[in-house]
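Structure file query_37.cif (mmCIF, C-alpha atoms) is printed below.
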data_structure
#
loop_
_atom_site.label_atom_id
_atom_site.label_comp_id
_atom_site.auth_asym_id
_atom_site.auth_seq_id
_atom_site.Cartn_x
_atom_site.Cartn_y
_atom_site.Cartn_z
CA MET A 604 30.71 -34.86 97.65
CA LYS A 605 27.04 -34.29 96.80
CA ASN A 606 26.03 -37.10 99.17
CA LEU A 607 28.33 -35.79 101.88
CA LEU A 608 26.92 -32.26 101.67
CA PHE A 609 23.32 -33.43 101.49
CA GLY A 610 23.96 -35.63 104.52
CA LEU A 611 25.47 -32.70 106.38
CA PHE A 612 22.44 -30.52 105.64
CA LEU A 613 20.03 -33.32 106.50
CA PHE A 614 21.82 -33.93 109.81
CA SER A 615 21.70 -30.20 110.59
CA ALA A 616 18.00 -29.94 109.75
CA THR A 617 17.22 -33.08 111.73
CA THR A 618 19.14 -31.83 114.75
CA VAL A 619 17.26 -28.56 114.76
CA PHE A 620 13.78 -29.65 113.79
CA ALA A 621 13.27 -33.31 114.67
CA GLN A 622 11.82 -32.73 118.11
CA THR A 623 9.87 -29.54 117.34
CA GLU A 624 7.31 -30.47 114.70
CA THR A 625 4.26 -30.23 116.96
CA PRO A 626 0.94 -28.74 115.81
CA GLU A 627 0.70 -26.45 118.84
CA LYS A 628 2.43 -25.51 122.05
CA ARG A 629 0.52 -24.60 125.18
CA LEU A 630 1.74 -22.22 127.84
CA ASN A 631 2.63 -25.02 130.25
CA ASP A 632 4.65 -26.77 127.53
CA LEU A 633 7.01 -23.84 126.96
CA PRO A 634 10.55 -23.97 128.33
CA GLN A 635 10.83 -21.77 131.41
CA ILE A 636 13.50 -19.33 132.47
CA ASP A 637 13.91 -17.50 135.79
CA ILE A 638 14.95 -13.88 136.03
CA THR A 639 15.16 -11.37 138.85
CA GLU A 640 15.17 -7.62 139.18
CA GLY A 641 18.40 -5.81 138.38
CA VAL A 642 19.85 -8.64 136.26
CA SER A 643 19.68 -8.63 132.45
CA LEU A 644 19.21 -11.99 130.74
CA HIS A 645 21.09 -12.38 127.42
CA ILE A 646 19.55 -14.97 125.09
CA ILE A 647 22.11 -16.11 122.50
CA SER A 648 20.86 -17.42 119.15
CA PRO A 649 22.83 -19.50 116.59
CA GLU A 650 21.21 -17.36 113.85
CA PRO A 651 20.57 -13.62 113.43
CA ILE A 652 17.41 -12.58 115.27
CA GLN A 653 14.68 -11.11 113.09
CA PHE A 654 12.06 -10.20 115.67
CA VAL A 655 11.45 -10.27 119.45
CA ASP A 656 8.09 -10.00 121.22
CA LEU A 657 7.66 -9.41 124.98
CA SER A 658 4.06 -10.24 125.83
CA THR A 659 3.69 -7.94 128.84
CA ALA A 660 4.90 -4.54 130.02
CA ASN A 661 6.58 -6.38 132.92
CA LEU A 662 9.51 -7.06 130.56
CA THR A 663 11.70 -4.77 128.53
CA GLY A 664 14.58 -5.51 126.19
CA ASP A 665 16.63 -4.76 123.11
CA LEU A 666 18.99 -6.33 120.56
CA PRO A 667 22.59 -5.36 121.41
CA ALA A 668 23.88 -7.68 118.64
CA GLU A 669 22.25 -9.44 115.70
CA ASN A 670 22.18 -12.79 117.52
CA ILE A 671 21.64 -11.61 121.11
CA ALA A 672 18.37 -10.57 122.77
CA ARG A 673 18.70 -8.73 126.10
CA VAL A 674 15.69 -8.90 128.44
CA LYS A 675 15.11 -7.67 131.98
CA ILE A 676 12.26 -6.94 134.37
CA THR A 677 10.92 -3.44 133.78
CA ASP A 678 12.15 -1.01 136.39
CA GLU A 679 9.37 0.09 138.73
CA PRO A 680 8.69 3.85 138.59
CA GLU A 681 9.74 6.08 141.44
CA LYS A 682 7.12 7.10 143.93
CA GLY A 683 5.32 10.28 143.03
CA SER A 684 5.84 9.87 139.29
CA GLU A 685 2.94 9.99 136.86
CA ALA A 686 3.29 6.23 136.26
CA ASN A 687 3.28 5.25 139.94
CA ASN A 688 0.11 3.23 139.43
CA LYS A 689 2.08 0.72 137.33
CA VAL A 690 2.87 -2.44 139.29
CA ILE A 691 5.02 -5.34 138.12
CA ASP A 692 3.04 -8.60 138.20
CA LYS A 693 5.64 -11.02 139.53
CA ASN A 694 3.25 -13.97 139.14
CA ASN A 695 2.90 -13.39 135.40
CA LEU A 696 6.00 -11.77 133.98
CA GLY A 697 5.11 -12.85 130.45
CA ILE A 698 6.32 -14.75 127.40
CA ILE A 699 9.45 -14.05 125.32
CA THR A 700 9.12 -14.90 121.62
CA ILE A 701 12.23 -14.82 119.43
CA VAL A 702 11.98 -15.27 115.65
CA CYS A 703 15.11 -16.11 113.65
CA GLN A 704 15.69 -17.03 110.01
CA SER A 705 14.69 -20.69 110.17
CA PHE A 706 13.06 -21.12 113.59
CA MET A 707 11.27 -19.44 116.45
CA VAL A 708 11.48 -20.09 120.18
CA GLN A 709 9.28 -19.09 123.12
CA TYR A 710 10.03 -18.98 126.83
CA LYS A 711 7.73 -18.55 129.83
CA VAL A 712 9.38 -16.16 132.27
CA ASN A 713 9.23 -16.76 136.03
CA TYR A 714 10.23 -14.41 138.82
CA LEU A 715 13.24 -15.44 140.91
CA ASN A 716 13.60 -14.16 144.48
CA TYR A 717 17.30 -14.89 144.91
CA LYS A 718 19.59 -12.74 142.79
CA LYS A 719 22.60 -14.98 143.41
CA ASP A 720 20.84 -17.82 141.54
CA ALA A 721 19.91 -15.63 138.56
CA VAL A 722 21.03 -16.72 135.08
CA ALA A 723 22.89 -14.05 133.09
CA ASN A 724 22.78 -15.76 129.68
CA ILE A 725 21.39 -18.83 127.95
CA GLN A 726 21.98 -20.48 124.59
CA ILE A 727 18.90 -21.36 122.52
CA GLN A 728 18.77 -25.17 122.42
CA PRO A 729 17.68 -27.23 119.37
CA GLU A 730 14.94 -29.00 121.34
CA ASP A 731 13.29 -25.64 122.08
CA MET A 732 13.18 -24.49 118.45
CA GLN A 733 10.06 -24.53 116.29
CA PRO A 734 10.79 -24.59 112.52
CA LEU A 735 9.50 -21.88 110.23
CA GLU A 736 8.32 -22.93 106.79
CA PHE A 737 8.97 -20.81 103.72
CA PRO A 738 7.37 -21.01 100.25
CA LYS A 739 10.73 -22.23 98.91
CA MET A 740 13.75 -23.77 100.54
CA ALA A 741 15.51 -20.83 102.17
CA PHE A 742 18.88 -21.40 103.76
CA SER A 743 19.90 -19.67 106.95
CA LYS A 744 23.22 -17.84 107.19
CA ILE A 745 24.61 -20.78 109.14
CA GLU A 746 23.82 -23.13 106.25
CA LEU A 747 25.18 -20.70 103.63
CA HIS A 748 28.34 -20.46 105.73
CA LYS A 749 28.67 -24.26 105.76
CA PHE A 750 28.20 -24.51 101.98
CA SER A 751 30.74 -21.74 101.34
CA LEU A 752 33.31 -23.34 103.63
CA ASP A 753 32.81 -26.63 101.80
CA ILE A 754 33.72 -24.90 98.52
CA ILE A 755 36.87 -23.34 100.00
CA ARG A 756 38.02 -26.57 101.64
CA ASN A 757 37.14 -29.12 98.96
CA LYS A 758 37.03 -27.39 95.58
CA LYS A 759 40.39 -26.96 93.92
CA ILE A 760 41.10 -24.00 91.68
CA ASN A 761 41.69 -25.19 88.13
CA LYS A 762 41.30 -23.06 85.01
CA PRO A 763 39.15 -20.04 85.93
CA ILE A 764 35.87 -19.43 84.15
CA ARG A 765 36.57 -15.72 83.79
CA GLU A 766 39.70 -13.67 84.41
CA ALA A 767 40.60 -9.98 84.24
CA LYS A 768 44.03 -8.38 84.67
CA ASP A 769 45.00 -4.75 85.10
CA LEU A 770 47.37 -2.61 87.21
CA LYS A 771 49.15 -5.74 88.45
CA LEU A 772 45.84 -7.04 89.77
CA THR A 773 44.05 -10.24 88.77
CA MET A 774 40.39 -10.97 89.41
CA GLN A 775 39.01 -14.35 88.49
CA ILE A 776 35.92 -16.49 88.90
CA ASN A 777 37.12 -19.97 89.78
CA ASN A 778 33.69 -21.54 89.40
CA VAL A 779 29.97 -20.98 89.79
CA TYR A 780 27.84 -23.30 91.90
CA VAL A 781 24.11 -23.50 92.43
CA VAL A 782 22.14 -24.98 95.34
CA ASN A 783 18.35 -24.66 95.03
CA ASP A 784 17.71 -20.95 94.41
CA TYR A 785 21.18 -19.79 95.45
CA ILE A 786 24.15 -18.97 93.23
CA PHE A 787 27.66 -19.24 94.71
CA LEU A 788 30.50 -17.32 93.04
CA ASP A 789 33.94 -18.67 93.95
CA MET A 790 36.35 -15.78 93.35
CA THR A 791 40.07 -15.14 93.78
CA PHE A 792 41.89 -11.78 93.78
CA SER A 793 45.65 -11.52 93.30
CA ASN A 794 48.02 -8.61 93.70
CA SER A 795 51.46 -8.88 92.03
CA SER A 796 52.61 -5.46 93.21
CA ASN A 797 54.37 -4.77 96.50
CA LEU A 798 51.58 -2.43 97.58
CA GLY A 799 48.86 -3.98 99.72
CA TYR A 800 45.31 -3.60 98.41
CA ASP A 801 42.70 -1.91 100.64
CA ILE A 802 39.23 -2.90 99.47
CA ASP A 803 36.74 -0.05 99.27
CA GLY A 804 34.06 -2.21 97.69
CA LEU A 805 33.19 -5.08 95.38
CA ASN A 806 30.20 -4.15 93.25
CA PHE A 807 27.97 -6.45 91.21
CA SER A 808 25.58 -5.03 88.60
CA VAL A 809 23.68 -6.11 85.49
CA GLU A 810 24.38 -3.70 82.62
CA ASP A 811 23.81 -3.36 78.90
CA LYS A 812 26.28 -5.31 76.79
CA LYS A 813 26.53 -2.50 74.25
CA ILE A 814 26.27 1.12 75.31
CA TYR A 815 25.25 3.41 72.45
CA LYS A 816 24.84 6.51 74.58
CA ALA A 817 25.98 7.00 78.17
CA THR A 818 22.48 8.21 79.11
CA ASN A 819 20.92 5.01 77.79
CA ASN A 820 22.95 2.67 79.99
CA GLN A 821 20.79 0.86 82.53
CA SER A 822 22.65 -0.54 85.54
CA ILE A 823 20.90 -2.70 88.12
CA GLU A 824 22.90 -3.37 91.28
CA ILE A 825 22.83 -6.91 92.66
CA LYS A 826 23.87 -7.42 96.25
CA PRO A 827 24.99 -10.78 97.66
CA VAL A 828 22.82 -12.16 100.45
CA PHE A 829 25.95 -13.64 102.04
CA GLN A 830 29.73 -13.56 101.72
CA LEU A 831 32.06 -15.89 103.55
CA PHE A 832 34.75 -13.38 104.57
CA ASN A 833 34.53 -9.64 105.21
CA GLN A 834 38.20 -8.99 104.63
CA LYS A 835 39.06 -5.37 103.85
CA GLN A 836 42.72 -5.73 102.88
CA PHE A 837 44.97 -8.28 101.18
CA LYS A 838 48.62 -8.24 100.19
CA LYS A 839 48.99 -11.03 97.62
CA ASN A 840 46.04 -13.43 97.34
CA TYR A 841 42.47 -13.41 98.58
CA ARG A 842 39.73 -15.97 97.93
CA ASN A 843 36.08 -15.51 98.87
CA ILE A 844 32.60 -16.88 98.22
CA TYR A 845 29.69 -14.59 97.30
CA VAL A 846 26.14 -15.93 97.47
CA PHE A 847 23.15 -14.54 95.55
CA LYS A 848 19.50 -15.41 95.29
CA LYS A 849 18.77 -16.75 91.80
CA PHE A 850 18.78 -14.02 89.15
CA THR A 851 18.54 -13.95 85.36
CA TYR A 852 19.39 -11.43 82.67
CA PRO A 853 18.97 -11.43 78.87
CA ASN A 854 21.71 -11.89 76.29
CA SER A 855 21.74 -8.14 75.68
CA LYS A 856 23.10 -7.61 79.20
CA VAL A 857 26.11 -8.78 81.19
CA LEU A 858 27.07 -9.07 84.84
CA LYS A 859 29.75 -6.50 85.74
CA ILE A 860 31.99 -7.10 88.75
CA ARG A 861 34.12 -4.16 89.94
CA LEU A 862 36.80 -4.31 92.62
CA ILE A 863 37.46 -0.80 93.93
CA GLU A 864 40.42 0.25 96.05
CA GLU A 865 40.25 2.90 98.73
CA GLN A 866 41.68 6.29 97.80
CA LEU A 867 44.20 7.71 97.26
CA SER A 868 45.52 5.03 94.90
CA GLY A 869 42.11 3.93 93.75
CA ARG A 870 43.14 0.98 91.58
CA THR A 871 39.97 -0.42 90.03
CA ILE A 872 39.56 -3.63 88.06
CA GLU A 873 36.39 -4.94 86.47
CA MET A 874 35.18 -8.14 84.86
CA THR A 875 32.33 -9.02 82.49
CA VAL A 876 30.38 -12.23 83.06
CA LYS A 877 28.11 -13.71 80.41
CA TYR A 878 24.82 -15.31 81.36
CA SER A 879 26.07 -18.59 79.87
CA ASP A 880 28.67 -18.73 82.69
CA ILE A 881 25.82 -18.68 85.22
CA LEU A 882 23.77 -21.25 83.27
CA ASN A 883 26.75 -23.64 83.29
CA ALA A 884 27.02 -23.54 87.06
CA ASP A 885 27.97 -26.75 88.86
CA THR A 886 26.03 -28.27 91.71
CA PHE A 887 27.44 -29.82 94.86
#

In structure tokens, write the structure found in this file.
Amino acid sequence: MKNLLFGLFLFSATTVFAQTETPEKRLNDLPQIDITEGVSLHIISPEPIQFVDLSTANLTGDLPAENIARVKITDEPEKGSEANNKVIDKNNLGIITIVCQSFMVQYKVNYLNYKKDAVANIQIQPEDMQPLEFPKMAFSKIELHKFSLDIIRNKKINKPIREAKDLKLTMQINNVYVVNDYIFLDMTFSNSSNLGYDIDGLNFSVEDKKIYKATNNQSIEIKPVFQLFNQKQFKKNYRNIYVFKKFTYPNSKVLKIRLIEEQLSGRTIEMTVKYSDILNADTF
């Protein structure tokens, strides 16, 4: 399985980056797109978009969704307005730069005279991507999604590492996995009552193992950088993967996991995880 997963990641990285490792890209080497007035171009990314730059005032745009950039030619001002000296340069509309988690892409924008030939949306292609290097291996959400799905599909649930039961609810950690600087918690929630469970939140925090005074308790919230499913309700069984950047805590502290139900019922169940459970994480 290790070889299979490594091969999958290597294939993905090769597909995205193999043709883009060039020391520089000149203006004439950029992929070109044609747009016309009155038509918005939607650029669809396989990853969440972090940043968009439009090099000239000829273009305007926004981010209607985390993986979609919307760009159009700036509307010319009406005659008599204070900005009537602003003219759109149709010979040099500008450059669109889109930065995502693991790559960036740039397009040279050309003016198109015929609206009927205008393109309404494009998908960012692997051959147009330029890889971004990070100090450490950082996985994109697409890669974290692939790893998490691999756990769900290929890792059987045996004896759980940790288990808590209360109010006819069961919360268990099936296993802990680590890939580079990421920790994957494979968790299952079970409900043996006939009442469906509406999830208000699942909280992770590092807290003192022994609390001598309530005022002395130090709680540090830890938020996952990714979770496979965003399910808000389950009736009987629910399995999910929660991914964290590497974290440590001393023996005097524990990781607390709390599953909280929406009011009015408000059934809450919590679990304590020792640091040794994290240190014994499997790899895959």

>> Considering all atoms listed in the file, can you say which of A:Ile699, A:Val674, A:Ile872, A:Leu644 comes closest to Asp769 in chain A?
In response: A:Ile872

> So which residues touch Gln830 in chain A within 12 Å, counting all atoms listed in the file, skipping near sequence neighbours fewer than 4 positions away, as a ChimeraX atom specification?
Replying inline: /A:744-745,747-752,786-790,805,826,834,842-847

> Do you have the CA of Gln775 in chain A-CA of Asp880 in chain A distance handy?
Replying inline: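 Separating CA of Gln775 in chain A from CA of Asp880 in chain A is a distance of 12.6 Å.
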
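This file, queried with the PyMOL selection byres ((chain A and resi 632) around 12), gives the residues A:Thr623, A:Thr625, A:Glu627, A:Lys628, A:Arg629, A:Leu630, A:Asn631, A:Leu633, A:Pro634, A:Gln635, A:Gln709, A:Tyr710, A:Lys711, A:Asp731.
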
>> For this structure, which residues satisfy the selection - the PyMOL selection byres ((chain A and resi 657) around 8) - when it is evaluated on the file as given? I want them as a PyMOL selection string.
In response: chain A and resi 655-656+658-660+662-663+697-700

>> When the PyMOL selection byres ((chain A and resi 881) around 12) is applied to the structure above, which residues does it catch, written out as an MDAnalysis selection string?
In response: chainID A and resid 764:765 776 778:781 785:789 847 849:854 857:858 875:880 882:886

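Our summary of the geometry notes that CA of Thr677 in chain A is positioned 10.4 Å from CA of Asp692 in chain A.
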
> CA of Lys693 in chain A and CA of Ile647 in chain A, how far apart in Å?
Replying inline: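 Atom-to-atom, CA of Ile647 in chain A and CA of Lys693 in chain A are spaced 24.2 Å apart.
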
Complete the atoms of range 736-771 of chain A to N, CA and C atoms and put them out as a compact mmCIF listing (two decimals), keeping the file's coordinate frame.
# COMPACT_ATOMS: atom_id res chain seq x y z
N GLU A 736 8.40 -22.46 108.16
CA GLU A 736 8.32 -22.93 106.79
C GLU A 736 8.24 -21.75 105.85
N PHE A 737 8.95 -21.85 104.73
CA PHE A 737 8.97 -20.81 103.72
C PHE A 737 8.40 -21.38 102.43
N PRO A 738 7.90 -20.52 101.52
CA PRO A 738 7.37 -21.01 100.25
C PRO A 738 8.38 -21.85 99.47
N LYS A 739 9.67 -21.47 99.55
CA LYS A 739 10.73 -22.23 98.91
C LYS A 739 11.79 -22.52 99.96
N MET A 740 12.67 -23.45 99.63
CA MET A 740 13.75 -23.77 100.54
C MET A 740 14.65 -22.56 100.71
N ALA A 741 14.65 -21.99 101.88
CA ALA A 741 15.51 -20.83 102.17
C ALA A 741 16.55 -21.26 103.18
N PHE A 742 17.80 -21.01 102.87
CA PHE A 742 18.88 -21.40 103.76
C PHE A 742 19.17 -20.28 104.74
N SER A 743 19.47 -20.64 105.96
CA SER A 743 19.90 -19.67 106.95
C SER A 743 21.35 -19.28 106.68
N LYS A 744 21.83 -18.25 107.37
CA LYS A 744 23.22 -17.84 107.19
C LYS A 744 24.18 -18.91 107.67
N ILE A 745 23.76 -19.68 108.66
CA ILE A 745 24.61 -20.78 109.14
C ILE A 745 24.80 -21.82 108.03
N GLU A 746 23.73 -22.14 107.32
CA GLU A 746 23.82 -23.13 106.25
C GLU A 746 24.62 -22.59 105.06
N LEU A 747 24.39 -21.31 104.71
CA LEU A 747 25.18 -20.70 103.63
C LEU A 747 26.66 -20.67 103.99
N HIS A 748 26.95 -20.44 105.27
CA HIS A 748 28.34 -20.46 105.73
C HIS A 748 28.94 -21.85 105.57
N LYS A 749 28.18 -22.89 105.89
CA LYS A 749 28.67 -24.26 105.76
C LYS A 749 28.94 -24.61 104.29
N PHE A 750 28.02 -24.23 103.40
CA PHE A 750 28.20 -24.51 101.98
C PHE A 750 29.43 -23.79 101.44
N SER A 751 29.60 -22.54 101.83
CA SER A 751 30.74 -21.74 101.34
C SER A 751 32.05 -22.31 101.84
N LEU A 752 32.10 -22.72 103.10
CA LEU A 752 33.31 -23.34 103.63
C LEU A 752 33.63 -24.63 102.89
N ASP A 753 32.60 -25.37 102.53
CA ASP A 753 32.81 -26.63 101.80
C ASP A 753 33.48 -26.35 100.46
N ILE A 754 33.09 -25.27 99.79
CA ILE A 754 33.72 -24.90 98.52
C ILE A 754 35.20 -24.57 98.73
N ILE A 755 35.49 -23.75 99.73
CA ILE A 755 36.87 -23.34 100.00
C ILE A 755 37.74 -24.54 100.34
N ARG A 756 37.22 -25.45 101.14
CA ARG A 756 38.02 -26.57 101.64
C ARG A 756 38.17 -27.69 100.62
N ASN A 757 37.15 -27.91 99.79
CA ASN A 757 37.14 -29.12 98.96
C ASN A 757 37.20 -28.89 97.45
N LYS A 758 37.01 -27.66 97.02
CA LYS A 758 37.03 -27.39 95.58
C LYS A 758 38.36 -26.76 95.18
N LYS A 759 39.11 -27.47 94.37
CA LYS A 759 40.39 -26.96 93.92
C LYS A 759 40.20 -25.94 92.80
N ILE A 760 41.14 -25.02 92.73
CA ILE A 760 41.10 -24.00 91.68
C ILE A 760 41.82 -24.54 90.45
N ASN A 761 41.09 -24.76 89.39
CA ASN A 761 41.69 -25.19 88.13
C ASN A 761 41.75 -23.99 87.17
N LYS A 762 41.35 -24.17 85.96
CA LYS A 762 41.30 -23.06 85.01
C LYS A 762 40.10 -22.19 85.35
N PRO A 763 40.28 -20.89 85.57
CA PRO A 763 39.15 -20.04 85.93
C PRO A 763 38.15 -19.89 84.80
N ILE A 764 36.91 -19.66 85.15
CA ILE A 764 35.87 -19.43 84.15
C ILE A 764 36.05 -18.08 83.47
N ARG A 765 36.33 -17.07 84.29
CA ARG A 765 36.57 -15.72 83.79
C ARG A 765 37.77 -15.13 84.52
N GLU A 766 38.51 -14.27 83.81
CA GLU A 766 39.70 -13.67 84.41
C GLU A 766 39.91 -12.27 83.82
N ALA A 767 40.28 -11.34 84.68
CA ALA A 767 40.60 -9.98 84.24
C ALA A 767 41.89 -9.54 84.91
N LYS A 768 42.75 -8.84 84.13
CA LYS A 768 44.03 -8.38 84.67
C LYS A 768 44.22 -6.91 84.32
N ASP A 769 44.71 -6.15 85.31
CA ASP A 769 45.00 -4.75 85.10
C ASP A 769 45.72 -4.20 86.33
N LEU A 770 46.66 -3.30 86.12
CA LEU A 770 47.37 -2.61 87.21
C LEU A 770 48.00 -3.60 88.20
N LYS A 771 48.54 -4.69 87.64
CA LYS A 771 49.15 -5.74 88.45
C LYS A 771 48.16 -6.41 89.41
